[in-house]
Amino acid sequence: MRDVLDLLRLRAPSVSGAGPGWATLCLLVCAISAQSAVAQQGDPSCGNPFVNGFGPHDYRVEQGQNRKIVEDYHFTPRVESLISGLSASLGGDIDYTLRAFPNHHRALVSMMNLGARLKRSVPPGAQFSVECYFKRAVQFRPDDTIARMIYAKFLTSDGRKPDAHRQLEFALQGAKDNAFTHYNAGLIYFEMGDFDKALVQAHRAQALGFDRPGGLKQQLQSAGKWAEAPAGGPDSAASGPTAAQPQPAAAGTSSP
């Protein structure tokens with residue numbers, strides 16, 4: 001699998017055609033209220049619960065024949081690059097991949113980019129809207145931080161920054177000492193214009209031994225927003241989500 005950073009470097013313009021660019025971005029449920037009955041029961045329009053002839057499988061742990069079958073016959077490099085479908089239309093092949101592996105990170109990026117390119121919320125051949133595939137991914141595996149960050153990219157490009165912040169809060173709750181997650185979250189915060197949070201994540205990634213040359217630090221420096229980490233370390237400053245930490249829902253239930 002390609003590095004998360006390479007995954008997030010893909011361009012993801014707004015589905016509505018009016019979102020910010022993503023030229024510098026390196027590598028994740030519509031915002032649903034916790035009190036909403038839909039949030040408790042899932043969104044019926046998105047095909048929940050998960051019933052599929054093949055799968056569903058967790059993309060993060062399935063490395064064997066099941067994944068090979070799907071990627072050899074439905075999610076080939078030409079499909080991933082949105083050049084042409086293999087067994088069906090582009091939307092059909094990516095849809096098949098995301099029904100077999102609801103949290104397939106690269107397929108989520110491809111579906112997002114296909115919808116943006118066509119300016120269609122439901123690309124031809126897809127069974128659901130682009131957003132539904134993200135809802136399904138985080139409902140299927142609420143602890144998948146990469147899926148949540150790709151989702152945050154989608155929400156940001158669609159002008160829904162508060163919803164994007166919520167997905168990043170979930171992702172960072174599970175990030176622990178994963179420097180890549182902190183770094184990529186920082187890039188998304190930077191693109192949203194939330195420089196304080198981007199700086200905190202840059203410090204955390206740096207403290208964990210990840211400091212990509214020409215990356216987040218340089219972007220913050222160019223924007224005049226860089227500062228060295230406080231003497232007590234990145235956790236001594238205000239950081240991350242300031243609200244009560246959200247708790248990911250159990251698998252099979254909807255999460256915000």
# chains A, B, ... in the order shown; residues from 1 in each chain; ligands from 1
$ select_by_dssp --residues "range 11-225 of chain A" --states "helix (DSSP H, G or I)" --output "JSON, numbers by chain"
{"A": [37, 38, 39, 40, 41, 44, 45, 46, 65, 66, 67, 68, 69, 70, 71, 72, 73, 77, 78, 79, 80, 90, 91, 92, 93, 94, 95, 96, 97, 98, 99, 100, 105, 106, 107, 108, 109, 110, 111, 112, 113, 114, 115, 116, 117, 118, 130, 131, 132, 133, 134, 135, 136, 137, 138, 139, 140, 145, 146, 147, 148, 149, 150, 151, 152, 153, 154, 155, 156, 157, 161, 162, 163, 164, 165, 166, 167, 168, 169, 170, 171, 172, 173, 179, 180, 181, 182, 183, 184, 185, 186, 187, 188, 189, 190, 191, 192, 195, 196, 197, 198, 199, 200, 201, 202, 203, 204, 205, 206, 207, 216, 217, 218, 219, 220, 221, 222]}
$ residues_around --residues "range 69-86 of chain A" --least-positions-apart "3" --cutoff "10 Å" --atoms "only C-alpha atoms" --output "VMD selection string"
chain A and resid 54 64 to 66 89 to 98 100 to 101 106 to 111 113 to 114 117
$ write_last_selection --atoms "C-alpha atoms" --output "compact mmCIF listing (two decimals), in the first residue's frame"
# COMPACT_ATOMS: atom_id res chain seq x y z
CA PHE A 54 -18.56 -10.64 -0.79
CA GLY A 64 -4.78 -12.08 1.52
CA GLN A 65 -6.69 -13.55 -1.38
CA ASN A 66 -9.90 -11.65 -0.68
CA SER A 89 -18.07 1.65 -15.20
CA LEU A 90 -15.56 3.50 -13.02
CA GLY A 91 -18.30 4.14 -10.49
CA GLY A 92 -19.37 0.50 -10.61
CA ASP A 93 -15.90 -0.89 -10.01
CA ILE A 94 -15.13 1.53 -7.17
CA ASP A 95 -18.56 0.84 -5.68
CA TYR A 96 -17.89 -2.91 -5.72
CA THR A 97 -14.55 -2.31 -3.99
CA LEU A 98 -16.16 -0.16 -1.29
CA ALA A 100 -16.39 -5.44 -0.22
CA PHE A 101 -14.03 -3.18 1.78
CA ARG A 106 -7.52 4.40 -1.79
CA ALA A 107 -10.96 3.54 -3.14
CA LEU A 108 -12.50 6.22 -0.92
CA VAL A 109 -10.10 8.76 -2.44
CA SER A 110 -10.96 7.58 -5.96
CA MET A 111 -14.72 7.78 -5.34
CA ASN A 113 -12.27 12.39 -6.87
CA LEU A 114 -14.69 10.81 -9.35
CA ARG A 117 -14.55 15.46 -11.46
$ closest_residue --among "A:Gln63, A:Asp177, A:Gly125, A:Tyr133" --to "Cys46 in chain A" --atoms "only C-alpha atoms"
A:Tyr133
$ atom_distance --atom1 "CA of Tyr189 in chain A" --atom2 "CA of Lys225 in chain A"
12.5 Å
$ residues_around --residues "Phe210 in chain A" --least-positions-apart "3" --cutoff "10 Å" --atoms "only C-alpha atoms" --output "compact mmCIF listing (two decimals) with N, CA and C atoms, in the first residue's frame"
# COMPACT_ATOMS: atom_id res chain seq x y z
N ASN A 178 1.09 7.75 16.76
CA ASN A 178 1.24 7.59 15.32
C ASN A 178 1.59 8.94 14.71
N ALA A 179 2.86 9.13 14.38
CA ALA A 179 3.33 10.41 13.87
C ALA A 179 2.68 10.77 12.54
N PHE A 180 2.39 9.77 11.70
CA PHE A 180 1.79 10.05 10.40
C PHE A 180 0.40 10.66 10.57
N HIS A 182 -0.77 12.41 13.16
CA HIS A 182 -0.64 13.78 13.64
C HIS A 182 -0.18 14.71 12.52
N TYR A 183 0.77 14.25 11.73
CA TYR A 183 1.30 15.07 10.64
C TYR A 183 0.20 15.36 9.60
N ALA A 202 1.99 19.61 14.10
CA ALA A 202 3.36 19.60 13.58
C ALA A 202 4.35 19.33 14.71
N HIS A 203 4.13 19.96 15.87
CA HIS A 203 5.00 19.73 17.02
C HIS A 203 4.91 18.28 17.49
N ARG A 204 3.71 17.74 17.52
CA ARG A 204 3.55 16.35 17.98
C ARG A 204 4.25 15.38 17.03
N ALA A 205 4.07 15.59 15.72
CA ALA A 205 4.72 14.71 14.75
C ALA A 205 6.23 14.82 14.88
N GLN A 206 6.71 16.04 15.06
CA GLN A 206 8.14 16.29 15.20
C GLN A 206 8.68 15.59 16.45
N ALA A 207 7.96 15.68 17.55
CA ALA A 207 8.38 15.05 18.80
C ALA A 207 8.41 13.54 18.68
N PRO A 213 10.99 17.02 5.38
CA PRO A 213 11.58 18.24 4.81
C PRO A 213 10.63 18.87 3.78
$ closest_residue --among "A:Glu62, A:Asp211, A:Asp194, A:Glu228" --to "Ala164 in chain A" --atoms "only C-alpha atoms"
A:Asp194
$ atom_distance --atom1 "CA of Gly115 in chain A" --atom2 "CA of Asp163 in chain A"
19.1 Å
$ decode --residues "range 149-169 of chain A" --atoms "N, CA and C atoms" --output "tab-separated table (two decimals), in the first residue's frame"
chain	number	residue	atom	x	y	z
A	149	MET	N	-9.74	10.85	8.26
A	149	MET	CA	-9.01	12.00	7.73
A	149	MET	C	-9.35	12.25	6.26
A	150	ILE	N	-9.54	11.18	5.50
A	150	ILE	CA	-9.97	11.37	4.12
A	150	ILE	C	-11.36	11.99	4.10
A	151	TYR	N	-12.21	11.55	5.00
A	151	TYR	CA	-13.55	12.13	5.12
A	151	TYR	C	-13.44	13.61	5.47
A	152	ALA	N	-12.53	13.95	6.36
A	152	ALA	CA	-12.33	15.36	6.72
A	152	ALA	C	-11.93	16.17	5.49
A	153	LYS	N	-11.11	15.62	4.62
A	153	LYS	CA	-10.75	16.30	3.37
A	153	LYS	C	-11.99	16.57	2.53
A	154	PHE	N	-12.83	15.54	2.41
A	154	PHE	CA	-14.06	15.68	1.62
A	154	PHE	C	-14.95	16.78	2.20
A	155	LEU	N	-15.12	16.77	3.51
A	155	LEU	CA	-15.98	17.76	4.15
A	155	LEU	C	-15.41	19.17	4.01
A	156	THR	N	-14.09	19.29	4.13
A	156	THR	CA	-13.47	20.60	4.00
A	156	THR	C	-13.64	21.14	2.58
A	157	SER	N	-13.42	20.29	1.59
A	157	SER	CA	-13.55	20.74	0.21
A	157	SER	C	-14.99	21.11	-0.12
A	158	ASP	N	-15.93	20.55	0.64
A	158	ASP	CA	-17.34	20.87	0.42
A	158	ASP	C	-17.79	22.04	1.29
A	159	GLY	N	-16.84	22.73	1.94
A	159	GLY	CA	-17.17	23.91	2.73
A	159	GLY	C	-17.78	23.62	4.07
A	160	ARG	N	-17.58	22.42	4.61
A	160	ARG	CA	-18.21	22.02	5.88
A	160	ARG	C	-17.13	21.82	6.93
A	161	LYS	N	-16.47	22.89	7.27
A	161	LYS	CA	-15.32	22.80	8.16
A	161	LYS	C	-15.67	22.31	9.57
A	162	PRO	N	-16.77	22.73	10.17
A	162	PRO	CA	-17.09	22.19	11.51
A	162	PRO	C	-17.22	20.67	11.49
A	163	ASP	N	-17.83	20.13	10.44
A	163	ASP	CA	-17.95	18.67	10.33
A	163	ASP	C	-16.58	18.03	10.13
A	164	ALA	N	-15.72	18.69	9.36
A	164	ALA	CA	-14.37	18.18	9.15
A	164	ALA	C	-13.61	18.16	10.47
A	165	HIS	N	-13.76	19.21	11.27
A	165	HIS	CA	-13.11	19.25	12.58
A	165	HIS	C	-13.57	18.06	13.43
A	166	ARG	N	-14.82	17.73	13.37
A	166	ARG	CA	-15.33	16.63	14.19
A	166	ARG	C	-14.67	15.31	13.80
A	167	GLN	N	-14.52	15.08	12.49
A	167	GLN	CA	-13.86	13.85	12.05
A	167	GLN	C	-12.39	13.83	12.47
A	168	LEU	N	-11.74	14.98	12.42
A	168	LEU	CA	-10.34	15.04	12.85
A	168	LEU	C	-10.21	14.79	14.34
A	169	GLU	N	-11.19	15.26	15.11
A	169	GLU	CA	-11.16	15.00	16.56
A	169	GLU	C	-11.22	13.51	16.85
